$ cat protein_33.txt   # compact mmCIF, C-alpha atoms
# COMPACT_ATOMS: atom_id res chain seq x y z
CA ASP A 1 -32.36 -47.27 128.37
CA THR A 2 -31.48 -50.09 130.73
CA GLU A 3 -28.10 -49.78 132.44
CA VAL A 4 -27.59 -53.53 132.39
CA THR A 5 -26.82 -54.78 128.90
CA GLN A 6 -27.36 -58.37 127.88
CA THR A 7 -26.27 -60.08 124.68
CA PRO A 8 -27.52 -61.75 122.65
CA LYS A 9 -31.18 -60.79 122.90
CA HIS A 10 -32.21 -64.01 121.21
CA LEU A 11 -30.39 -67.32 120.96
CA VAL A 12 -31.37 -70.59 119.35
CA MET A 13 -29.17 -73.59 120.04
CA GLY A 14 -29.15 -77.32 119.66
CA MET A 15 -28.70 -79.66 122.57
CA THR A 16 -25.09 -80.36 121.64
CA ASN A 17 -24.06 -76.73 121.19
CA LYS A 18 -21.95 -74.60 123.49
CA LYS A 19 -22.94 -70.96 123.78
CA SER A 20 -22.58 -68.10 126.22
CA LEU A 21 -24.79 -65.31 127.47
CA LYS A 22 -23.14 -62.04 128.40
CA CYS A 23 -24.09 -59.29 130.80
CA GLU A 24 -22.43 -55.95 131.46
CA GLN A 25 -23.08 -53.11 133.89
CA HIS A 26 -21.15 -49.91 134.53
CA MET A 27 -22.91 -48.68 137.63
CA GLY A 28 -20.14 -49.81 139.97
CA HIS A 29 -22.39 -52.48 141.44
CA ARG A 30 -20.60 -55.28 143.25
CA ALA A 31 -23.32 -57.94 143.13
CA MET A 32 -24.55 -59.55 139.93
CA TYR A 33 -27.24 -62.14 139.38
CA TRP A 34 -28.60 -64.61 136.87
CA TYR A 35 -32.31 -65.34 136.88
CA LYS A 36 -34.29 -67.74 134.72
CA GLN A 37 -37.88 -66.90 133.80
CA LYS A 38 -40.28 -69.29 132.10
CA ALA A 39 -43.37 -67.94 130.37
CA LYS A 40 -46.00 -66.57 132.75
CA LYS A 41 -43.85 -67.38 135.77
CA PRO A 42 -41.84 -65.21 138.15
CA PRO A 43 -38.06 -65.03 137.83
CA GLU A 44 -36.13 -67.80 139.56
CA LEU A 45 -32.73 -67.07 141.02
CA MET A 46 -29.88 -69.15 139.58
CA PHE A 47 -26.59 -67.59 140.68
CA VAL A 48 -25.31 -64.63 142.63
CA TYR A 49 -21.83 -63.15 142.46
CA SER A 50 -20.53 -60.78 145.08
CA TYR A 51 -17.23 -59.01 144.49
CA GLU A 52 -16.57 -61.41 141.62
CA LYS A 53 -16.97 -64.50 143.79
CA LEU A 54 -19.83 -66.97 143.53
CA SER A 55 -22.01 -66.40 146.55
CA ILE A 56 -25.19 -68.31 145.79
CA ASN A 57 -25.83 -71.27 143.52
CA GLU A 58 -29.45 -72.32 143.69
CA SER A 59 -28.67 -75.96 142.88
CA VAL A 60 -28.49 -75.21 139.19
CA PRO A 61 -27.50 -78.12 136.89
CA SER A 62 -23.87 -78.12 135.82
CA ARG A 63 -24.83 -77.59 132.18
CA PHE A 64 -25.10 -73.94 133.26
CA SER A 65 -21.72 -72.50 134.20
CA PRO A 66 -21.44 -68.91 135.43
CA GLU A 67 -18.36 -66.78 135.22
CA CYS A 68 -17.56 -63.31 136.54
CA PRO A 69 -14.34 -62.10 134.86
CA ASN A 70 -14.52 -58.69 136.56
CA SER A 71 -16.93 -56.55 138.51
CA SER A 72 -18.64 -55.28 135.38
CA LEU A 73 -19.10 -58.52 133.48
CA LEU A 74 -21.07 -61.67 134.06
CA ASN A 75 -21.25 -64.62 131.71
CA LEU A 76 -23.40 -67.73 131.63
CA HIS A 77 -21.88 -70.60 129.68
CA LEU A 78 -24.34 -73.09 128.27
CA HIS A 79 -23.56 -76.65 127.28
CA ALA A 80 -25.67 -79.71 126.51
CA LEU A 81 -28.90 -77.94 127.34
CA GLN A 82 -32.33 -79.52 127.23
CA PRO A 83 -35.46 -78.15 125.54
CA GLU A 84 -36.93 -77.43 128.97
CA ASP A 85 -34.11 -74.94 129.51
CA SER A 86 -35.74 -72.66 126.98
CA ALA A 87 -36.57 -69.46 128.85
CA LEU A 88 -35.79 -65.80 129.30
CA TYR A 89 -32.48 -65.40 131.13
CA LEU A 90 -32.25 -62.18 133.05
CA CYS A 91 -29.13 -60.59 134.41
CA ALA A 92 -29.34 -58.14 137.28
CA SER A 93 -27.04 -56.12 139.48
CA SER A 94 -27.26 -54.38 142.82
CA ARG A 95 -25.08 -52.08 144.86
CA ASP A 96 -23.95 -54.98 146.97
CA LEU A 97 -25.10 -58.38 148.15
CA PHE A 98 -26.94 -57.09 151.16
CA TYR A 99 -28.93 -54.60 149.18
CA THR A 100 -30.58 -57.17 147.01
CA GLY A 101 -33.91 -55.47 146.80
CA GLU A 102 -33.11 -52.69 144.42
CA LEU A 103 -32.05 -54.82 141.52
CA PHE A 104 -31.34 -53.39 138.09
CA PHE A 105 -32.31 -55.86 135.40
CA GLY A 106 -31.31 -56.20 131.78
CA GLU A 107 -33.85 -56.93 129.08
CA GLY A 108 -32.89 -60.56 129.05
CA SER A 109 -31.67 -63.14 126.58
CA ARG A 110 -34.43 -65.30 125.19
CA LEU A 111 -33.06 -68.79 124.75
CA THR A 112 -34.61 -71.53 122.65
CA VAL A 113 -33.15 -75.02 122.83
CA LEU A 114 -34.09 -77.30 119.98
CA ALA B 1 -40.29 -70.25 154.43
CA GLN B 2 -41.16 -66.93 152.88
CA LYS B 3 -44.14 -66.78 150.60
CA VAL B 4 -45.74 -64.08 148.47
CA THR B 5 -49.25 -64.43 147.13
CA GLN B 6 -50.65 -62.34 144.33
CA ALA B 7 -54.14 -63.72 143.97
CA GLN B 8 -55.02 -61.67 140.91
CA THR B 9 -53.58 -63.39 137.85
CA GLU B 10 -54.88 -60.89 135.31
CA ILE B 11 -56.67 -57.57 135.54
CA SER B 12 -58.12 -55.58 132.68
CA VAL B 13 -59.22 -51.97 133.06
CA VAL B 14 -60.10 -49.05 130.85
CA GLU B 15 -57.78 -46.08 130.73
CA LYS B 16 -58.23 -43.57 133.57
CA GLU B 17 -59.66 -46.15 135.92
CA ASP B 18 -57.94 -46.71 139.26
CA VAL B 19 -56.64 -50.21 139.87
CA THR B 20 -55.26 -51.96 142.95
CA LEU B 21 -52.92 -54.92 142.80
CA ASP B 22 -52.99 -57.11 145.88
CA CYS B 23 -50.00 -58.70 147.60
CA VAL B 24 -50.07 -60.84 150.73
CA TYR B 25 -46.90 -62.22 152.26
CA GLU B 26 -45.76 -64.71 154.88
CA THR B 27 -42.52 -64.48 156.79
CA ARG B 28 -41.03 -65.47 160.12
CA ASP B 29 -38.42 -62.72 159.96
CA THR B 30 -38.91 -59.66 162.14
CA THR B 31 -36.94 -57.52 159.74
CA TYR B 32 -37.72 -57.83 156.07
CA TYR B 33 -38.21 -55.83 152.91
CA LEU B 34 -41.04 -55.77 150.44
CA PHE B 35 -40.81 -54.73 146.81
CA TRP B 36 -42.78 -54.13 143.68
CA TYR B 37 -41.36 -54.65 140.22
CA LYS B 38 -42.89 -53.93 136.83
CA GLN B 39 -42.14 -56.09 133.81
CA PRO B 40 -43.26 -54.50 130.53
CA PRO B 41 -43.38 -56.55 127.32
CA SER B 42 -39.75 -55.61 126.60
CA GLY B 43 -38.72 -58.01 129.33
CA GLU B 44 -36.65 -56.17 131.89
CA LEU B 45 -37.95 -55.89 135.41
CA VAL B 46 -38.14 -52.34 136.65
CA PHE B 47 -37.78 -51.63 140.34
CA LEU B 48 -40.69 -49.53 141.68
CA ILE B 49 -40.41 -49.49 145.46
CA ARG B 50 -38.70 -51.01 148.48
CA ARG B 51 -40.34 -50.88 151.89
CA ASN B 52 -38.85 -52.13 155.15
CA SER B 53 -40.89 -53.86 157.82
CA PHE B 54 -40.50 -51.02 160.31
CA ASP B 55 -41.93 -48.39 158.06
CA GLU B 56 -45.67 -48.71 157.71
CA GLN B 57 -46.23 -45.30 156.24
CA ASN B 58 -48.00 -45.37 152.94
CA GLU B 59 -46.11 -43.97 150.02
CA ILE B 60 -47.20 -42.03 146.99
CA SER B 61 -45.15 -41.45 143.87
CA GLY B 62 -47.08 -39.66 141.18
CA ARG B 63 -49.94 -41.93 140.12
CA TYR B 64 -48.55 -44.82 142.14
CA SER B 65 -49.29 -45.48 145.79
CA TRP B 66 -48.55 -48.31 148.15
CA ASN B 67 -50.45 -49.43 151.23
CA PHE B 68 -48.39 -51.50 153.68
CA GLN B 69 -50.38 -53.11 156.49
CA LYS B 70 -48.37 -55.32 158.78
CA SER B 71 -51.47 -56.45 160.66
CA THR B 72 -52.81 -58.15 157.56
CA SER B 73 -49.40 -58.91 155.99
CA SER B 74 -50.35 -57.01 152.88
CA PHE B 75 -48.52 -54.61 150.61
CA ASN B 76 -50.98 -53.43 147.99
CA PHE B 77 -50.21 -51.25 145.00
CA THR B 78 -52.64 -48.76 143.50
CA ILE B 79 -52.35 -47.04 140.16
CA THR B 80 -54.53 -43.96 139.89
CA ALA B 81 -55.86 -42.84 136.52
CA SER B 82 -54.29 -45.78 134.72
CA GLN B 83 -52.69 -45.33 131.32
CA VAL B 84 -52.00 -47.73 128.47
CA VAL B 85 -48.27 -47.54 129.29
CA ASP B 86 -49.04 -49.11 132.67
CA SER B 87 -49.82 -52.40 130.91
CA ALA B 88 -47.29 -54.88 132.25
CA VAL B 89 -46.83 -57.75 134.64
CA TYR B 90 -46.34 -56.55 138.19
CA PHE B 91 -44.45 -58.63 140.72
CA CYS B 92 -44.52 -58.27 144.46
CA ALA B 93 -41.43 -59.63 146.23
CA LEU B 94 -40.16 -60.28 149.73
CA SER B 95 -36.59 -60.47 150.99
CA GLU B 96 -35.40 -63.78 152.37
CA ARG B 97 -32.23 -64.21 154.36
CA THR B 98 -30.18 -67.17 153.18
CA GLN B 99 -28.21 -69.57 155.34
CA GLY B 100 -25.04 -67.81 154.29
CA GLY B 101 -26.34 -64.53 155.66
CA SER B 102 -27.05 -62.83 152.37
CA GLU B 103 -30.47 -61.96 151.02
CA LYS B 104 -32.45 -62.98 148.00
CA LEU B 105 -35.89 -62.11 146.69
CA VAL B 106 -38.95 -64.32 146.79
CA PHE B 107 -41.32 -63.26 144.03
CA GLY B 108 -45.05 -63.64 143.81
CA LYS B 109 -46.48 -65.14 140.63
CA GLY B 110 -47.25 -61.74 139.21
CA THR B 111 -50.37 -59.89 138.10
CA LYS B 112 -50.78 -59.07 134.43
CA LEU B 113 -52.39 -55.66 134.06
CA THR B 114 -53.90 -54.64 130.76
CA VAL B 115 -55.05 -51.06 130.37
CA ASN B 116 -57.30 -50.61 127.37
CA PRO B 117 -57.71 -47.26 125.61
$ encode --input "protein_33.txt" --output "structure tokens"
Amino acid sequence: DTEVTQTPKHLVMGMTNKKSLKCEQHMGHRAMYWYKQKAKKPPELMFVYSYEKLSINESVPSRFSPECPNSSLLNLHLHALQPEDSALYLCASSRDLFYTGELFFGEGSRLTVL
Amino acid sequence: AQKVTQAQTEISVVEKEDVTLDCVYETRDTTYYLFWYKQPPSGELVFLIRRNSFDEQNEISGRYSWNFQKSTSSFNFTITASQVVDSAVYFCALSERTQGGSEKLVFGKGTKLTVNP
């Protein structure tokens, strides 16, 4: 079983909806990540949090809003998305920001925007 | 900029065959890390190995082995006696230091391996 839990596993939303993706880990990791993966493509980094502070934002559109309420939780708030935002959204964690290689990934939330 | 090339888009083998997945990288950093991840159909990426640029020793873990050759900028992955459960997409990745001093991963495009019974 994966140690990074993501909910929901599947989400369908309209372009005017507001929804959130959630991610939780209890490994004591201090860095957490959001990746976006389109079909047959590698994961693309979106955001990185280190010690609950936003460390990297890869120029992601503002319709994606990350939040890290505590060291175990990471949210991705979605608003006014476009159909091209449909993808698998992967959450990951690592021991700390400078140990990015050994990432632990969740199974992802598959998002469909209608 | 860092770059990872996995020239093999898809590979299909029959169970028990050996298979090698190729990875070639480009970097200007003198210190860097290379990785392999496995992504089964369930979706999560599974970390397989991390190798730093100063350690060119090959590594073996069960049926998996990795051949790191700095001279050719390659980090190839071999599965011996493949099994159906090895069917997945495999990503090679390279660490990249950001302007802020942290690190992120640069992934190759992945190689889809299908092992047929």
$ residues_near_point --input "protein_33.txt" --point "(-44.8, -59.5, 141.9)" --cutoff "8 Å" --atoms "all atoms listed in the file" --output "MDAnalysis selection string"
(chainID A and resid 42) or (chainID B and resid 6 23 35:38 89:93 107:111)
$ atom_distance --input "protein_33.txt" --atom1 "atom CA of A:Ser65" --atom2 "atom CA of A:Ala80"
11.3 Å
$ atom_distance --input "protein_33.txt" --atom1 "atom CA of A:Gly108" --atom2 "atom CA of B:Ser82"
26.6 Å
$ interface_residues --input "protein_33.txt" --of "chain A" --to "chain B" --cutoff "6 Å" --atoms "all atoms listed in the file" --output "count of residues only"
6
$ atom_distance --input "protein_33.txt" --atom1 "atom CA of B:Asn58" --atom2 "atom CA of A:Leu103"
21.8 Å
$ residues_around --input "protein_33.txt" --residues "B:Val85" --least-positions-apart "3" --cutoff "10 Å" --atoms "all atoms listed in the file" --output "ChimeraX atom specification"
/B:15,40,82,88,114-116
$ closest_residue --input "protein_33.txt" --among "B:Thr30, B:Thr78, B:Gln99, B:Ser53" --to "B:Ser65" --atoms "all atoms listed in the file"
B:Thr78
$ closest_residue --input "protein_33.txt" --among "A:Val60, A:Leu97, A:Leu88, A:Met32" --to "A:Pro8" --atoms "only C-alpha atoms"
A:Leu88
$ closest_residue --input "protein_33.txt" --among "A:Pro83, A:Leu90, A:Asp96, A:Glu44" --to "A:Val12" --atoms "all atoms listed in the file"
A:Pro83
$ axis_aligned_box --input "protein_33.txt" --around "stretch 90-108 of chain B" --padding-each-side "3 Å" --output "JSON"
{"center_x": -35.7, "center_y": -63.1, "center_z": 146.9, "size_x": 27.3, "size_y": 19.0, "size_z": 23.5}
$ closest_residue --input "protein_33.txt" --among "A:Cys68, A:Ile56, A:Ala92, A:Leu78" --to "A:Thr16" --atoms "all atoms listed in the file"
A:Leu78
$ closest_residue --input "protein_33.txt" --among "B:Ser73, B:Asn52, B:Gln57, B:Thr5" --to "B:Leu21" --atoms "all atoms listed in the file"
B:Thr5
$ closest_residue --input "protein_33.txt" --among "A:Glu3, A:Arg63, A:Glu58, A:Met13" --to "A:Trp34" --atoms "only C-alpha atoms"
A:Glu58
$ residues_around --input "protein_33.txt" --residues "A:Leu81" --least-positions-apart "6" --cutoff "12 Å" --atoms "all atoms listed in the file" --output "NGL selection string"
:A and (12-20 or 61-65 or 87 or 111-114)
$ write_last_selection --input "protein_33.txt" --atoms "C-alpha atoms" --output "JSON list (two decimals), in the frame of the given file"
[["chain", "number", "residue", "atom", "x", "y", "z"],
["A", 12, "VAL", "CA", -31.37, -70.59, 119.35],
["A", 13, "MET", "CA", -29.17, -73.59, 120.04],
["A", 14, "GLY", "CA", -29.15, -77.32, 119.66],
["A", 15, "MET", "CA", -28.70, -79.66, 122.57],
["A", 16, "THR", "CA", -25.09, -80.36, 121.64],
["A", 17, "ASN", "CA", -24.06, -76.73, 121.19],
["A", 18, "LYS", "CA", -21.95, -74.60, 123.49],
["A", 19, "LYS", "CA", -22.94, -70.96, 123.78],
["A", 20, "SER", "CA", -22.58, -68.10, 126.22],
["A", 61, "PRO", "CA", -27.50, -78.12, 136.89],
["A", 62, "SER", "CA", -23.87, -78.12, 135.82],
["A", 63, "ARG", "CA", -24.83, -77.59, 132.18],
["A", 64, "PHE", "CA", -25.10, -73.94, 133.26],
["A", 65, "SER", "CA", -21.72, -72.50, 134.20],
["A", 87, "ALA", "CA", -36.57, -69.46, 128.85],
["A", 111, "LEU", "CA", -33.06, -68.79, 124.75],
["A", 112, "THR", "CA", -34.61, -71.53, 122.65],
["A", 113, "VAL", "CA", -33.15, -75.02, 122.83],
["A", 114, "LEU", "CA", -34.09, -77.30, 119.98]]
$ residues_around --input "protein_33.txt" --residues "A:Asn57" --least-positions-apart "3" --cutoff "7 Å" --atoms "all atoms listed in the file" --output "list in words"
Met46, Phe47, Val48 and Val60 of chain A
$ write_last_selection --input "protein_33.txt" --atoms "C-alpha atoms" --output "PDB file, in the coordinates of the input"
ATOM      1  CA  MET A  46     -29.880 -69.150 139.580  1.00  0.00           C
ATOM      2  CA  PHE A  47     -26.590 -67.590 140.680  1.00  0.00           C
ATOM      3  CA  VAL A  48     -25.310 -64.630 142.630  1.00  0.00           C
ATOM      4  CA  VAL A  60     -28.490 -75.210 139.190  1.00  0.00           C
TER       5      VAL A  60
END
$ build_atoms --input "protein_33.txt" --residues "stretch 23-49 of chain B" --atoms "N, CA and C atoms" --output "PDB file, in the coordinates of the input"
ATOM      1  N   CYS B  23     -51.158 -57.880 147.260  1.00  0.00           N
ATOM      2  CA  CYS B  23     -50.000 -58.700 147.600  1.00  0.00           C
ATOM      3  C   CYS B  23     -50.105 -59.067 149.073  1.00  0.00           C
ATOM      4  N   VAL B  24     -50.054 -60.345 149.359  1.00  0.00           N
ATOM      5  CA  VAL B  24     -50.070 -60.840 150.730  1.00  0.00           C
ATOM      6  C   VAL B  24     -48.822 -61.679 150.925  1.00  0.00           C
ATOM      7  N   TYR B  25     -48.173 -61.523 152.067  1.00  0.00           N
ATOM      8  CA  TYR B  25     -46.900 -62.220 152.260  1.00  0.00           C
ATOM      9  C   TYR B  25     -46.900 -62.985 153.578  1.00  0.00           C
ATOM     10  N   GLU B  26     -45.991 -63.954 153.660  1.00  0.00           N
ATOM     11  CA  GLU B  26     -45.760 -64.710 154.880  1.00  0.00           C
ATOM     12  C   GLU B  26     -44.271 -64.727 155.166  1.00  0.00           C
ATOM     13  N   THR B  27     -43.921 -64.440 156.404  1.00  0.00           N
ATOM     14  CA  THR B  27     -42.520 -64.480 156.790  1.00  0.00           C
ATOM     15  C   THR B  27     -42.402 -64.691 158.284  1.00  0.00           C
ATOM     16  N   ARG B  28     -41.307 -65.326 158.691  1.00  0.00           N
ATOM     17  CA  ARG B  28     -41.030 -65.470 160.120  1.00  0.00           C
ATOM     18  C   ARG B  28     -39.992 -64.456 160.571  1.00  0.00           C
ATOM     19  N   ASP B  29     -39.422 -63.717 159.627  1.00  0.00           N
ATOM     20  CA  ASP B  29     -38.420 -62.720 159.960  1.00  0.00           C
ATOM     21  C   ASP B  29     -39.084 -61.512 160.619  1.00  0.00           C
ATOM     22  N   THR B  30     -38.377 -60.886 161.538  1.00  0.00           N
ATOM     23  CA  THR B  30     -38.910 -59.660 162.140  1.00  0.00           C
ATOM     24  C   THR B  30     -38.500 -58.447 161.328  1.00  0.00           C
ATOM     25  N   THR B  31     -37.399 -58.585 160.633  1.00  0.00           N
ATOM     26  CA  THR B  31     -36.940 -57.520 159.740  1.00  0.00           C
ATOM     27  C   THR B  31     -36.953 -58.055 158.317  1.00  0.00           C
ATOM     28  N   TYR B  32     -37.630 -57.373 157.458  1.00  0.00           N
ATOM     29  CA  TYR B  32     -37.720 -57.830 156.070  1.00  0.00           C
ATOM     30  C   TYR B  32     -38.041 -56.638 155.187  1.00  0.00           C
ATOM     31  N   TYR B  33     -37.941 -56.877 153.901  1.00  0.00           N
ATOM     32  CA  TYR B  33     -38.210 -55.830 152.910  1.00  0.00           C
ATOM     33  C   TYR B  33     -39.225 -56.349 151.901  1.00  0.00           C
ATOM     34  N   LEU B  34     -40.046 -55.455 151.459  1.00  0.00           N
ATOM     35  CA  LEU B  34     -41.040 -55.770 150.440  1.00  0.00           C
ATOM     36  C   LEU B  34     -40.784 -54.886 149.224  1.00  0.00           C
ATOM     37  N   PHE B  35     -41.107 -55.423 148.065  1.00  0.00           N
ATOM     38  CA  PHE B  35     -40.810 -54.730 146.810  1.00  0.00           C
ATOM     39  C   PHE B  35     -41.941 -54.900 145.813  1.00  0.00           C
ATOM     40  N   TRP B  36     -41.981 -53.965 144.892  1.00  0.00           N
ATOM     41  CA  TRP B  36     -42.780 -54.130 143.680  1.00  0.00           C
ATOM     42  C   TRP B  36     -41.881 -53.886 142.487  1.00  0.00           C
ATOM     43  N   TYR B  37     -42.051 -54.780 141.496  1.00  0.00           N
ATOM     44  CA  TYR B  37     -41.360 -54.650 140.220  1.00  0.00           C
ATOM     45  C   TYR B  37     -42.381 -54.671 139.094  1.00  0.00           C
ATOM     46  N   LYS B  38     -42.048 -53.957 138.030  1.00  0.00           N
ATOM     47  CA  LYS B  38     -42.890 -53.930 136.830  1.00  0.00           C
ATOM     48  C   LYS B  38     -42.116 -54.589 135.702  1.00  0.00           C
ATOM     49  N   GLN B  39     -42.785 -55.460 134.949  1.00  0.00           N
ATOM     50  CA  GLN B  39     -42.140 -56.090 133.810  1.00  0.00           C
ATOM     51  C   GLN B  39     -42.969 -55.803 132.555  1.00  0.00           C
ATOM     52  N   PRO B  40     -42.555 -54.788 131.783  1.00  0.00           N
ATOM     53  CA  PRO B  40     -43.260 -54.500 130.530  1.00  0.00           C
ATOM     54  C   PRO B  40     -42.943 -55.570 129.494  1.00  0.00           C
ATOM     55  N   PRO B  41     -43.612 -55.521 128.358  1.00  0.00           N
ATOM     56  CA  PRO B  41     -43.380 -56.550 127.320  1.00  0.00           C
ATOM     57  C   PRO B  41     -41.926 -56.634 126.869  1.00  0.00           C
ATOM     58  N   SER B  42     -41.157 -55.574 127.027  1.00  0.00           N
ATOM     59  CA  SER B  42     -39.750 -55.610 126.600  1.00  0.00           C
ATOM     60  C   SER B  42     -38.917 -56.576 127.427  1.00  0.00           C
ATOM     61  N   GLY B  43     -39.371 -56.934 128.600  1.00  0.00           N
ATOM     62  CA  GLY B  43     -38.720 -58.010 129.330  1.00  0.00           C
ATOM     63  C   GLY B  43     -38.013 -57.645 130.616  1.00  0.00           C
ATOM     64  N   GLU B  44     -37.412 -56.462 130.684  1.00  0.00           N
ATOM     65  CA  GLU B  44     -36.650 -56.170 131.890  1.00  0.00           C
ATOM     66  C   GLU B  44     -37.573 -55.858 133.051  1.00  0.00           C
ATOM     67  N   LEU B  45     -37.173 -56.257 134.226  1.00  0.00           N
ATOM     68  CA  LEU B  45     -37.950 -55.890 135.410  1.00  0.00           C
ATOM     69  C   LEU B  45     -37.478 -54.533 135.896  1.00  0.00           C
ATOM     70  N   VAL B  46     -38.438 -53.692 136.209  1.00  0.00           N
ATOM     71  CA  VAL B  46     -38.140 -52.340 136.650  1.00  0.00           C
ATOM     72  C   VAL B  46     -38.520 -52.203 138.118  1.00  0.00           C
ATOM     73  N   PHE B  47     -37.543 -51.824 138.916  1.00  0.00           N
ATOM     74  CA  PHE B  47     -37.780 -51.630 140.340  1.00  0.00           C
ATOM     75  C   PHE B  47     -38.717 -50.441 140.554  1.00  0.00           C
ATOM     76  N   LEU B  48     -39.744 -50.625 141.389  1.00  0.00           N
ATOM     77  CA  LEU B  48     -40.690 -49.530 141.680  1.00  0.00           C
ATOM     78  C   LEU B  48     -40.524 -49.021 143.103  1.00  0.00           C
ATOM     79  N   ILE B  49     -40.449 -49.938 144.075  1.00  0.00           N
ATOM     80  CA  ILE B  49     -40.410 -49.490 145.460  1.00  0.00           C
ATOM     81  C   ILE B  49     -39.820 -50.572 146.346  1.00  0.00           C
TER      82      ILE B  49
END
